[in-house]
Structures are given as C-alpha cells and as structure tokens.
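Peer 1: Input start.cif, format and content: mmCIF, C-alpha atoms.
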```cif
data_coords
loop_
_atom_site.group_PDB
_atom_site.id
_atom_site.type_symbol
_atom_site.label_atom_id
_atom_site.label_comp_id
_atom_site.auth_asym_id
_atom_site.auth_seq_id
_atom_site.Cartn_x
_atom_site.Cartn_y
_atom_site.Cartn_z
ATOM 1 C CA MET A 1 -148.274 22.845 -211.157
ATOM 2 C CA TYR A 2 -146.100 19.787 -211.258
ATOM 3 C CA ALA A 3 -145.075 17.236 -213.855
ATOM 4 C CA ARG A 4 -146.889 13.915 -213.663
ATOM 5 C CA GLU A 5 -145.157 10.589 -214.326
ATOM 6 C CA GLN A 6 -146.765 10.391 -217.764
ATOM 7 C CA ASP A 7 -145.565 13.899 -218.601
ATOM 8 C CA ILE A 8 -141.961 13.119 -217.727
ATOM 9 C CA LEU A 9 -141.959 9.861 -219.651
ATOM 10 C CA LEU A 10 -143.605 11.311 -222.739
ATOM 11 C CA SER A 11 -141.214 14.249 -222.747
ATOM 12 C CA ALA A 12 -138.205 11.956 -222.442
ATOM 13 C CA GLN A 13 -139.485 9.891 -225.362
ATOM 14 C CA ALA A 14 -139.963 13.021 -227.428
ATOM 15 C CA ALA A 15 -136.456 14.226 -226.610
ATOM 16 C CA ILE A 16 -134.942 10.939 -227.755
ATOM 17 C CA ARG A 17 -137.061 10.784 -230.887
ATOM 18 C CA GLU A 18 -136.767 14.407 -232.005
ATOM 19 C CA ASP A 19 -133.496 15.658 -230.565
ATOM 20 C CA LEU A 20 -131.226 12.683 -230.033
ATOM 21 C CA LEU A 21 -132.004 10.203 -232.791
ATOM 22 C CA PRO A 22 -131.391 12.602 -235.692
ATOM 23 C CA GLU A 23 -127.878 13.108 -234.313
ATOM 24 C CA LEU A 24 -127.050 9.420 -234.018
ATOM 25 C CA HIS A 25 -125.426 7.540 -236.857
ATOM 26 C CA SER A 26 -123.800 4.345 -235.596
ATOM 27 C CA PRO A 27 -125.939 1.187 -235.478
ATOM 28 C CA TRP A 28 -124.893 0.643 -231.849
ATOM 29 C CA ALA A 29 -126.022 4.116 -230.772
ATOM 30 C CA LEU A 30 -129.318 3.717 -232.634
ATOM 31 C CA ARG A 31 -129.808 0.346 -230.952
ATOM 32 C CA GLN A 32 -129.245 1.855 -227.496
ATOM 33 C CA ALA A 33 -131.684 4.663 -228.261
ATOM 34 C CA GLU A 34 -134.319 2.108 -229.274
ATOM 35 C CA THR A 35 -133.698 0.246 -226.029
ATOM 36 C CA LEU A 36 -134.172 3.439 -224.044
ATOM 37 C CA MET A 37 -137.445 4.073 -225.897
ATOM 38 C CA TRP A 38 -138.567 0.557 -224.900
ATOM 39 C CA ALA A 39 -137.697 1.227 -221.259
ATOM 40 C CA LEU A 40 -139.577 4.518 -221.189
ATOM 41 C CA GLU A 41 -142.623 3.045 -222.935
ATOM 42 C CA HIS A 42 -142.641 0.139 -220.515
ATOM 43 C CA LEU A 43 -142.584 2.567 -217.592
ATOM 44 C CA ARG A 44 -145.338 4.642 -219.156
ATOM 45 C CA GLN A 45 -147.602 1.623 -219.610
ATOM 46 C CA ARG A 46 -146.723 0.339 -216.154
ATOM 47 C CA ALA A 47 -147.720 3.700 -214.673
ATOM 48 C CA VAL A 48 -151.166 3.241 -216.245
ATOM 49 C CA ILE A 49 -151.935 -0.407 -215.529
ATOM 50 C CA GLY A 50 -149.350 -1.440 -212.936
ATOM 51 C CA GLY A 51 -151.397 -0.483 -209.903
ATOM 52 C CA ASP A 52 -154.380 -2.567 -210.981
ATOM 53 C CA LEU A 53 -152.145 -5.560 -211.696
ATOM 54 C CA LEU A 54 -150.472 -5.334 -208.287
ATOM 55 C CA ALA A 55 -153.824 -5.031 -206.526
ATOM 56 C CA ALA A 56 -155.192 -8.050 -208.405
ATOM 57 C CA GLU A 57 -152.115 -10.098 -207.542
ATOM 58 C CA HIS A 58 -152.288 -9.021 -203.907
ATOM 59 C CA GLY A 59 -155.911 -10.121 -203.681
ATOM 60 C CA GLU A 60 -155.100 -13.542 -205.101
ATOM 61 C CA LEU A 61 -152.156 -14.013 -202.748
ATOM 62 C CA VAL A 62 -154.200 -13.025 -199.688
ATOM 63 C CA THR A 63 -156.787 -15.628 -200.698
ATOM 64 C CA LEU A 64 -154.029 -18.206 -201.251
ATOM 65 C CA ALA A 65 -152.480 -17.478 -197.846
ATOM 66 C CA ALA A 66 -155.840 -17.910 -196.111
ATOM 67 C CA GLN A 67 -156.396 -21.189 -197.950
ATOM 68 C CA LEU A 68 -152.915 -22.318 -196.918
ATOM 69 C CA GLU A 69 -153.773 -22.059 -193.225
ATOM 70 C CA ARG A 70 -157.133 -23.822 -193.660
ATOM 71 C CA VAL A 71 -155.422 -26.682 -195.523
ATOM 72 C CA ARG A 72 -152.595 -26.855 -192.975
ATOM 73 C CA ALA A 73 -155.159 -27.298 -190.213
ATOM 74 C CA SER A 74 -157.234 -29.829 -192.145
ATOM 75 C CA SER A 75 -155.161 -32.947 -191.403
ATOM 76 C CA ALA A 76 -151.834 -34.245 -190.147
ATOM 77 C CA ILE A 77 -150.964 -35.296 -193.695
ATOM 78 C CA ALA A 78 -151.520 -31.749 -194.929
ATOM 79 C CA ALA A 79 -149.583 -30.267 -192.017
ATOM 80 C CA GLN A 80 -146.650 -32.541 -192.804
ATOM 81 C CA ALA A 81 -146.748 -31.698 -196.512
ATOM 82 C CA LEU A 82 -146.751 -27.972 -195.697
ATOM 83 C CA ALA A 83 -144.208 -28.111 -192.875
ATOM 84 C CA ASP A 84 -141.665 -26.033 -194.833
ATOM 85 C CA VAL A 85 -144.178 -23.325 -195.772
ATOM 86 C CA ALA A 86 -144.056 -20.204 -193.602
ATOM 87 C CA THR A 87 -147.135 -18.905 -191.801
ATOM 88 C CA VAL A 88 -148.447 -15.578 -193.066
ATOM 89 C CA ARG A 89 -150.141 -13.111 -190.794
ATOM 90 C CA LEU A 90 -153.287 -11.775 -192.429
ATOM 91 C CA ASP A 91 -155.069 -8.693 -191.246
ATOM 92 C CA GLY A 92 -157.818 -8.409 -193.849
ATOM 93 C CA ARG A 93 -156.494 -5.323 -195.618
ATOM 94 C CA SER A 94 -157.018 -5.157 -199.340
ATOM 95 C CA GLY A 95 -154.199 -4.273 -201.684
ATOM 96 C CA VAL A 96 -155.766 -1.008 -202.799
ATOM 97 C CA ASP A 97 -155.769 0.303 -199.235
ATOM 98 C CA LEU A 98 -152.062 -0.108 -198.638
ATOM 99 C CA PRO A 99 -149.519 2.641 -199.239
ATOM 100 C CA SER A 100 -147.357 1.782 -202.238
ATOM 101 C CA ARG A 101 -144.215 0.849 -200.291
ATOM 102 C CA MET A 102 -146.150 -1.362 -197.882
ATOM 103 C CA LEU A 103 -147.939 -3.027 -200.816
ATOM 104 C CA HIS A 104 -144.646 -3.899 -202.484
ATOM 105 C CA ASP A 105 -143.159 -5.233 -199.224
ATOM 106 C CA GLU A 106 -146.234 -7.303 -198.478
ATOM 107 C CA LEU A 107 -146.321 -8.655 -202.029
ATOM 108 C CA GLU A 108 -142.710 -9.763 -201.684
ATOM 109 C CA THR A 109 -143.593 -11.713 -198.515
ATOM 110 C CA PHE A 110 -146.655 -13.294 -200.094
ATOM 111 C CA ARG A 111 -144.717 -14.249 -203.222
ATOM 112 C CA GLU A 112 -142.135 -16.037 -201.073
ATOM 113 C CA VAL A 113 -144.941 -18.019 -199.452
ATOM 114 C CA ALA A 114 -146.455 -18.775 -202.857
ATOM 115 C CA GLU A 115 -143.064 -20.103 -203.946
ATOM 116 C CA GLN A 116 -142.898 -22.321 -200.844
ATOM 117 C CA ILE A 117 -146.439 -23.584 -201.495
ATOM 118 C CA ALA A 118 -145.513 -24.334 -205.104
ATOM 119 C CA THR A 119 -142.435 -26.285 -203.972
ATOM 120 C CA ALA A 120 -144.527 -28.264 -201.468
ATOM 121 C CA VAL A 121 -147.571 -29.157 -203.577
ATOM 122 C CA ALA A 122 -146.938 -28.569 -207.309
ATOM 123 C CA ALA A 123 -145.844 -32.180 -207.834
ATOM 124 C CA LEU A 124 -148.654 -33.748 -205.741
ATOM 125 C CA ASP A 125 -150.627 -35.267 -208.584
ATOM 126 C CA PRO A 126 -152.700 -36.944 -207.340
ATOM 127 C CA ALA A 127 -152.645 -35.152 -204.012
ATOM 128 C CA PRO A 128 -152.950 -37.324 -200.864
ATOM 129 C CA THR A 129 -155.897 -35.246 -199.580
ATOM 130 C CA GLN A 130 -158.641 -33.243 -201.263
ATOM 131 C CA GLU A 131 -157.563 -30.099 -199.447
ATOM 132 C CA LEU A 132 -153.976 -30.425 -200.689
ATOM 133 C CA GLY A 133 -155.280 -30.977 -204.201
ATOM 134 C CA GLU A 134 -157.325 -27.799 -203.975
ATOM 135 C CA LEU A 135 -154.326 -25.867 -202.680
ATOM 136 C CA ARG A 136 -152.265 -27.232 -205.564
ATOM 137 C CA ALA A 137 -154.916 -26.099 -208.034
ATOM 138 C CA ALA A 138 -155.023 -22.667 -206.395
ATOM 139 C CA VAL A 139 -151.274 -22.039 -206.534
ATOM 140 C CA LEU A 140 -151.114 -23.211 -210.150
ATOM 141 C CA ARG A 141 -153.986 -20.888 -210.985
ATOM 142 C CA TYR A 142 -152.120 -18.009 -209.321
ATOM 143 C CA ILE A 143 -149.009 -18.855 -211.371
ATOM 144 C CA HIS A 144 -151.126 -18.871 -214.545
ATOM 145 C CA CYS A 145 -152.790 -15.530 -213.736
ATOM 146 C CA GLN A 146 -149.508 -13.920 -212.702
ATOM 147 C CA ASP A 147 -147.895 -14.934 -215.975
ATOM 148 C CA ALA A 148 -150.803 -13.362 -217.844
ATOM 149 C CA ARG A 149 -150.190 -10.154 -215.876
ATOM 150 C CA TYR A 150 -146.489 -10.245 -216.782
ATOM 151 C CA GLU A 151 -147.503 -10.762 -220.417
ATOM 152 C CA ARG A 152 -149.584 -7.578 -220.298
ATOM 153 C CA LEU A 153 -146.713 -5.665 -218.732
ATOM 154 C CA TYR A 154 -144.048 -6.822 -221.136
ATOM 155 C CA ARG A 155 -146.055 -6.732 -224.363
ATOM 156 C CA VAL A 156 -144.931 -3.172 -224.907
ATOM 157 C CA ASP A 157 -146.140 -1.298 -227.965
ATOM 158 C CA LEU A 158 -142.945 0.488 -228.852
ATOM 159 C CA PRO A 159 -143.551 3.934 -230.307
ATOM 160 C CA GLN A 160 -141.767 4.616 -233.564
ATOM 161 C CA ALA A 161 -138.183 5.511 -232.737
ATOM 162 C CA ARG A 162 -137.943 7.557 -235.908
ATOM 163 C CA MET B 1 -128.513 -23.445 -209.681
ATOM 164 C CA PHE B 2 -131.602 -21.384 -210.271
ATOM 165 C CA ARG B 3 -131.944 -20.735 -206.536
ATOM 166 C CA ARG B 4 -128.335 -19.579 -206.343
ATOM 167 C CA ASP B 5 -128.941 -16.938 -209.016
ATOM 168 C CA GLN B 6 -132.454 -16.086 -207.927
ATOM 169 C CA VAL B 7 -133.107 -12.419 -207.114
ATOM 170 C CA CYS B 8 -136.815 -12.618 -206.227
ATOM 171 C CA PRO B 9 -139.423 -15.292 -205.426
ATOM 172 C CA ASP B 10 -140.390 -17.326 -208.478
ATOM 173 C CA PRO B 11 -143.299 -19.699 -207.853
ATOM 174 C CA LEU B 12 -143.290 -20.828 -211.496
ATOM 175 C CA LEU B 13 -139.678 -22.032 -211.456
ATOM 176 C CA ALA B 14 -140.207 -23.572 -208.013
ATOM 177 C CA ALA B 15 -143.254 -25.495 -209.249
ATOM 178 C CA ALA B 16 -141.420 -26.588 -212.389
ATOM 179 C CA ALA B 17 -138.427 -27.822 -210.361
ATOM 180 C CA ALA B 18 -140.693 -29.745 -207.966
ATOM 181 C CA GLN B 19 -142.533 -31.412 -210.827
ATOM 182 C CA LEU B 20 -139.299 -32.337 -212.605
ATOM 183 C CA ARG B 21 -137.942 -33.947 -209.456
ATOM 184 C CA ALA B 22 -141.119 -36.034 -209.142
ATOM 185 C CA ILE B 23 -141.132 -37.311 -212.727
ATOM 186 C CA PRO B 24 -139.127 -40.489 -213.357
ATOM 187 C CA LYS B 25 -136.202 -39.552 -215.542
ATOM 188 C CA PRO B 26 -136.062 -41.533 -218.790
ATOM 189 C CA VAL B 27 -133.222 -43.979 -219.134
ATOM 190 C CA ALA B 28 -130.986 -42.810 -221.958
ATOM 191 C CA SER B 29 -130.342 -45.380 -224.661
ATOM 192 C CA ARG B 30 -126.951 -43.763 -225.123
ATOM 193 C CA ILE B 31 -124.900 -40.922 -223.674
ATOM 194 C CA SER B 32 -123.879 -38.314 -226.220
ATOM 195 C CA LEU B 33 -122.315 -34.877 -226.408
ATOM 196 C CA VAL B 34 -125.452 -32.711 -226.240
ATOM 197 C CA GLN B 35 -125.265 -29.165 -227.617
ATOM 198 C CA GLY B 36 -127.959 -27.907 -225.245
ATOM 199 C CA GLN B 37 -129.711 -25.222 -227.324
ATOM 200 C CA VAL B 38 -130.134 -26.652 -230.804
ATOM 201 C CA GLY B 39 -131.950 -24.469 -233.277
ATOM 202 C CA PRO B 40 -131.671 -22.960 -236.761
ATOM 203 C CA ASN B 41 -129.903 -19.910 -235.316
ATOM 204 C CA GLN B 42 -127.110 -22.145 -233.980
ATOM 205 C CA LEU B 43 -126.185 -23.337 -237.451
ATOM 206 C CA LEU B 44 -124.172 -21.745 -240.254
ATOM 207 C CA TRP B 45 -125.456 -22.683 -243.689
ATOM 208 C CA ARG B 46 -124.277 -22.350 -247.249
ATOM 209 C CA ASP B 47 -125.876 -23.795 -250.354
ATOM 210 C CA GLY B 48 -128.249 -25.908 -248.314
ATOM 211 C CA LYS B 49 -125.492 -27.504 -246.245
ATOM 212 C CA VAL B 50 -124.531 -27.017 -242.614
ATOM 213 C CA LEU B 51 -121.008 -25.633 -242.392
ATOM 214 C CA ALA B 52 -120.696 -25.216 -238.638
ATOM 215 C CA THR B 53 -122.606 -25.323 -235.358
ATOM 216 C CA LEU B 54 -122.390 -22.489 -232.844
ATOM 217 C CA ASP B 55 -122.873 -21.694 -229.155
ATOM 218 C CA TRP B 56 -121.541 -24.771 -227.416
ATOM 219 C CA GLU B 57 -121.339 -23.109 -223.991
ATOM 220 C CA SER B 58 -124.385 -25.096 -222.845
ATOM 221 C CA CYS B 59 -123.119 -28.509 -223.922
ATOM 222 C CA PHE B 60 -123.103 -31.502 -221.613
ATOM 223 C CA LEU B 61 -122.845 -35.290 -221.723
ATOM 224 C CA GLY B 62 -126.339 -36.696 -221.651
ATOM 225 C CA ASP B 63 -129.371 -38.012 -223.472
ATOM 226 C CA PRO B 64 -129.497 -36.833 -227.108
ATOM 227 C CA ILE B 65 -133.305 -36.709 -226.839
ATOM 228 C CA SER B 66 -132.696 -33.496 -224.886
ATOM 229 C CA ASP B 67 -131.396 -31.806 -228.047
ATOM 230 C CA LEU B 68 -134.299 -33.127 -230.104
ATOM 231 C CA ALA B 69 -136.753 -31.755 -227.555
ATOM 232 C CA PHE B 70 -135.168 -28.301 -227.636
ATOM 233 C CA LEU B 71 -135.077 -28.286 -231.431
ATOM 234 C CA THR B 72 -138.720 -29.255 -231.799
ATOM 235 C CA MET B 73 -139.781 -26.693 -229.163
ATOM 236 C CA ASN B 74 -138.315 -23.941 -231.311
ATOM 237 C CA ALA B 75 -139.145 -25.425 -234.700
ATOM 238 C CA ARG B 76 -142.860 -26.087 -234.129
ATOM 239 C CA ALA B 77 -143.707 -22.422 -234.716
ATOM 240 C CA HIS B 78 -142.129 -22.579 -238.178
ATOM 241 C CA VAL B 79 -142.797 -26.075 -239.547
ATOM 242 C CA ASP B 80 -145.753 -28.418 -239.593
ATOM 243 C CA ALA B 81 -146.112 -31.658 -237.647
ATOM 244 C CA SER B 82 -145.243 -33.826 -240.643
ATOM 245 C CA PHE B 83 -141.789 -32.201 -240.793
ATOM 246 C CA ILE B 84 -141.181 -33.044 -237.145
ATOM 247 C CA ASP B 85 -142.361 -36.617 -237.687
ATOM 248 C CA HIS B 86 -140.025 -36.979 -240.658
ATOM 249 C CA LEU B 87 -137.165 -35.556 -238.598
ATOM 250 C CA PHE B 88 -137.719 -38.134 -235.862
ATOM 251 C CA ILE B 89 -137.962 -41.036 -238.328
ATOM 252 C CA ARG B 90 -134.777 -39.987 -240.097
ATOM 253 C CA TYR B 91 -132.958 -39.376 -236.801
ATOM 254 C CA SER B 92 -133.883 -42.802 -235.449
ATOM 255 C CA ARG B 93 -132.901 -44.500 -238.711
ATOM 256 C CA LEU B 94 -129.483 -42.817 -238.782
ATOM 257 C CA THR B 95 -128.625 -43.174 -235.086
ATOM 258 C CA GLY B 96 -130.540 -46.227 -233.926
ATOM 259 C CA VAL B 97 -131.896 -44.117 -231.032
ATOM 260 C CA GLU B 98 -135.550 -44.735 -230.251
ATOM 261 C CA ILE B 99 -137.537 -41.546 -229.572
ATOM 262 C CA THR B 100 -140.288 -42.308 -227.067
ATOM 263 C CA THR B 101 -143.208 -40.068 -226.133
ATOM 264 C CA GLU B 102 -142.164 -40.233 -222.482
ATOM 265 C CA SER B 103 -138.566 -39.157 -223.075
ATOM 266 C CA LEU B 104 -139.613 -36.362 -225.426
ATOM 267 C CA ALA B 105 -142.182 -35.083 -222.919
ATOM 268 C CA TYR B 106 -139.654 -35.178 -220.070
ATOM 269 C CA TYR B 107 -136.976 -33.316 -221.977
ATOM 270 C CA THR B 108 -139.443 -30.776 -223.354
ATOM 271 C CA ARG B 109 -140.310 -29.962 -219.754
ATOM 272 C CA PHE B 110 -136.638 -30.037 -218.691
ATOM 273 C CA GLN B 111 -135.458 -27.813 -221.523
ATOM 274 C CA SER B 112 -138.309 -25.361 -220.955
ATOM 275 C CA PHE B 113 -137.283 -25.098 -217.317
ATOM 276 C CA TRP B 114 -133.610 -24.776 -218.203
ATOM 277 C CA ALA B 115 -134.223 -22.067 -220.815
ATOM 278 C CA ALA B 116 -136.493 -20.046 -218.521
ATOM 279 C CA ALA B 117 -134.044 -20.315 -215.607
ATOM 280 C CA VAL B 118 -130.972 -19.445 -217.676
ATOM 281 C CA THR B 119 -132.524 -16.421 -219.386
ATOM 282 C CA ALA B 120 -133.761 -15.237 -215.996
ATOM 283 C CA THR B 121 -130.165 -15.110 -214.744
ATOM 284 C CA GLY B 122 -129.840 -11.936 -216.800
ATOM 285 C CA PHE B 123 -131.903 -10.252 -214.102
ATOM 286 C CA GLY B 124 -129.459 -11.557 -211.529
ATOM 287 C CA ARG B 125 -126.518 -10.034 -213.409
ATOM 288 C CA PHE B 126 -128.367 -6.733 -213.401
ATOM 289 C CA GLN B 127 -129.036 -6.883 -209.658
ATOM 290 C CA THR B 128 -125.416 -7.665 -208.795
ATOM 291 C CA GLY B 129 -124.244 -4.743 -210.909
ATOM 292 C CA GLU B 130 -122.295 -6.890 -213.363
ATOM 293 C CA MET B 131 -124.458 -5.741 -216.270
ATOM 294 C CA ARG B 132 -126.367 -2.611 -215.364
ATOM 295 C CA LYS B 133 -127.543 -1.431 -218.766
ATOM 296 C CA VAL B 134 -131.104 -1.268 -219.971
ATOM 297 C CA GLU B 135 -130.141 -3.617 -222.800
ATOM 298 C CA THR B 136 -129.513 -6.362 -220.213
ATOM 299 C CA LEU B 137 -133.020 -5.988 -218.823
ATOM 300 C CA ARG B 138 -134.624 -5.795 -222.213
ATOM 301 C CA LEU B 139 -132.848 -8.861 -223.570
ATOM 302 C CA SER B 140 -133.525 -10.830 -220.384
ATOM 303 C CA THR B 141 -137.193 -9.966 -220.649
ATOM 304 C CA LEU B 142 -137.656 -10.531 -224.356
ATOM 305 C CA LEU B 143 -135.529 -13.685 -224.495
ATOM 306 C CA SER B 144 -137.151 -15.278 -221.481
ATOM 307 C CA ARG B 145 -140.819 -14.585 -222.312
ATOM 308 C CA PRO B 146 -141.369 -17.372 -224.890
ATOM 309 C CA PHE B 147 -139.662 -19.944 -222.655
ATOM 310 C CA VAL B 148 -141.517 -18.765 -219.544
ATOM 311 C CA ARG B 149 -144.886 -18.869 -221.305
ATOM 312 C CA ARG B 150 -144.220 -22.393 -222.547
ATOM 313 C CA LEU B 151 -143.068 -23.505 -219.098
ATOM 314 C CA GLU B 152 -146.143 -21.971 -217.458
ATOM 315 C CA HIS B 153 -148.403 -23.929 -219.760
ATOM 316 C CA LEU B 154 -146.544 -27.180 -219.036
ATOM 317 C CA VAL B 155 -146.563 -26.602 -215.272
ATOM 318 C CA THR B 156 -150.146 -25.426 -214.817
ATOM 319 C CA GLY B 157 -151.871 -27.168 -217.717
ATOM 320 C CA LEU B 158 -154.025 -24.012 -217.995
#
```
For the structure just supplied, provide its representation as structure tokens.
Peer 2:
Amino acid sequence: MYAREQDILLSAQAAIREDLLPELHSPWALRQAETLMWALEHLRQRAVIGGDLLAAEHGELVTLAAQLERVRASSAIAAQALADVATVRLDGRSGVDLPSRMLHDELETFREVAEQIATAVAALDPAPTQELGELRAAVLRYIHCQDARYERLYRVDLPQAR
Amino acid sequence: MFRRDQVCPDPLLAAAAAQLRAIPKPVASRISLVQGQVGPNQLLWRDGKVLATLDWESCFLGDPISDLAFLTMNARAHVDASFIDHLFIRYSRLTGVEITTESLAYYTRFQSFWAAAVTATGFGRFQTGEMRKVETLRLSTLLSRPFVRRLEHLVTGL
C-alpha cells in the first residue's frame, strides 16, 4: 500500500481545516492558511487534469513546429521572415508516450519556438504570403487554446477553509 | 523589460510586444504626468469627494489617454457604456484633450500588455528566491489572470 498524490493532498487539506485553523486567531495567520488551502487544491486539481492539458498542448505544438518547417521552405520571403526562429527536430512521438520529465523538457523547447514564431509573425497583418498568414493564424490559435488551458488550471474551486 | 524578468517562454507576451511595435503610436496632444494604473481602488473617497490618489509607483510622463484607457478597462465591468461616454465628454471639455478611437485602442492594448507583464514579474521574484511564499504565487496568478485574458483576446481576436 502507498499513498497516492490525491491522498496526500486531501489529508493535508483536512489537517489544515480541522487541526490548524481552529488554533489560529490572527487575520494574517488565517490568510496564510487560506493561501495554503488554495495551493493544495490547485495541486489536487492539477493532478487530475494536468496530464491531459499537457498532452493537448504538446500535440498542438508538434503540429505548429511541423507547419513552421513547411512554411519556412515555402518561399524566400517566408524563410527571411522566420530567420530568427529555431529549427525543431520532430520524431513523431505523441505527448502521451513520453515519460513525464521528457514531456516537460520537450514542452519547454517547443514553447520557446512558439514564442519565436509569435515574435516573427504575430504582427504580419496582412501577411506577405499565404503560408505566413496561416502560420500566424496557427500560433495565435495556440495562444488562445493555451490561455483556455491556464484558465481551467487556475479557476480553482477552493474548499471551505472553515 | 518583460524579457529581462521573464522566467519561461511566453508566446502571448511576445505576440503582444510584436503587435505593439508594428502599430503606429498615436501622437499625444499633450504630455502629462500619468498615474499608470488609474482605478477606483487607487482613490480615497469621503462624502462623494476624492481626498487622495494612491499608488504612484507606475507614474510616467506621457499621453494622458493612457490613464483613460486603463480606467475604462477596469470600469467597464462595473458601469454601462453611457457612463464611459459621459466620462470622455466631460474629460475632453475640462482638459481640451481630444479622445480618438485610435489612441484609446492603442493604449488599451498597451496597458493590457503592461499590466500582464508587470503582474507576471511576481513569478520572476519567486524564481529568484526574493519572494518564496505561496502568497506570492497566488497573488501573481490571481492578479494577472484578468489582464492576461484581456490581452489574449486583443492579440488573437479569438
């Protein structure tokens, strides 16, 4: 038998709510306890949905990276516009197949490339080529979807502290 | 500045910065002392009168439309459009400053970017160890979310 993540987080929340809070009296201490409850609840919800969100983001970024190379090769204009964007090596693995640490490392790399793409094309309106316009639309769509994922993560339903 | 304090890739801020650089900056009709984060919570009131204004750490010399843009960004959730229109009419009448759609749109985008970038620096303070408490993370998250959501909508149009 071993304690799962959910078990540890729920037990910590219970300890704060039932053992610690009744002993606290200052507004500052109560405030800190509420903040700790928020942190634990966030972790608990992230343990449930975080993996799916990371996998979804990874899939979008792999698609974006592949599109980047197609657009880069499409014309000299596109190649010039994307000159400061790094090349990403793709090997066809899906996010759900990667060990957790490798997924996080790969996501970090892909996010850096997404940032470089955004810097290169976000202001190209209208874009000088159709392919650059499509890449612009794709990176903006990724930004939109990623913000929606963050919204899900940070809209934490805080359990009653008392 | 936002790159200096950046702790992780941020495609949204990068896109917003690129778009701001590409937009022609409005020519200010006058240069004023701009408070930088005008809102009801920056004012002390008594008996319906403003006694004092607070939080001047963000002030700069610039276009006063910037303050109007920040104020209306925060006020729109609490007042209707007619209030905003009346505010602009009264402001223009008292100051002689013309409020154009282009300048308001530019500074709404600029202030959204500024607010999102500044509140995100809380994460940077956490990473450097200056402010390692959970409260820092929570405040950075909760404070930044409304500004980030607004900025995302402006940047992506989605």
Peer 1: Evaluate the PyMOL selection byres ((chain B) within 6 of (chain A)) against this structure - the residues, as a list in words, please.
Peer 2: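 Applying the PyMOL selection byres ((chain B) within 6 of (chain A)) to the structure shown produces Pro9, Asp10, Pro11, Ala14, Ala15, Ala18, Gln19 and Thr156 of chain B.
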Peer 1: Which polymer residues have any atom within 9 Å of an atom of stretch 46-60 of chain A, counting all atoms listed in the file, with same-chain residues fewer than 5 positions away left out, as a PyMOL selection string?
Peer 2: chain A and resi 5-6+41+65+94-96+100+103-104+106-107+110+142+145-146+149-150+152-153
Peer 1: Scan for residues within 9 Å of the point (-146.6, -31.4, -217.7) in the coordinates of the file, using only C-alpha atoms, and reply as a list in words.
Peer 2: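 Looking at atoms near the point gives Ala16, Gln19, Leu20, Ala105, Tyr106, Arg109, Leu151, His153, Leu154, Val155, Thr156 and Gly157 of chain B.
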Peer 1: Name every residue that the PyMOL selection byres ((chain B and resi 127-136) around 12) selects in this structure, writing the answer as JSON, numbers by chain with chains first and numbers rising.
Peer 2: {"A": [28, 29, 31, 32, 33, 34, 35, 36, 37, 38, 39, 40, 42], "B": [5, 6, 7, 8, 119, 120, 121, 122, 123, 124, 125, 126, 137, 138, 139, 140, 141, 142, 143, 144]}
Peer 1: Between B:Leu44, B:Val148, B:Ile89, B:Val38, which has the minimum distance to B:Leu71 (counting all atoms listed in the file)?
Peer 2: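 With all atoms listed in the file as the atom set, the closest residue is B:Val38.
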Peer 1: Box for stretch 45-49 of chain B: with edges along x, y and z, all listed atoms inside and 5 Å added on each side, what are the centre and edge lengths in Å to one decimal, as JSON?
Peer 2:
```
{"center_x": -126.3, "center_y": -24.9, "center_z": -247.0, "size_x": 14.0, "size_y": 15.2, "size_z": 16.7}
```
Peer 1: Any idea what the distance is between atom CA of A:Leu135 and atom CA of B:Ala115?
Peer 2: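 Computing the Euclidean distance for atom CA of A:Leu135 and atom CA of B:Ala115 yields 27.3 Å.
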Peer 1: So, with all atoms listed in the file as the atoms that count, which of B:Val79, B:Leu43, B:Val34, B:Ala28 lies closest to B:Glu57?
Peer 2: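 Result for the nearest residue to B:Glu57: B:Val34.
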Peer 1: Take atom CA of B:Cys59 and atom CA of B:Trp114 and report the distance between them in Å, one decimal.
Peer 2: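 Going from atom CA of B:Cys59 over to atom CA of B:Trp114 covers 12.5 Å.
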Peer 1: So which residues get picked by the PyMOL selection byres ((chain A and resi 10-22) around 7) here, written as a VMD selection string?
Peer 2: chain A and resid 6 to 9 23 to 24 37 40 161 to 162
Peer 1: To one decimal in Å, tell me the separation between atom CA of A:Arg72 and atom CA of A:Glu131.
Peer 2: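 The value is 8.8 Å.
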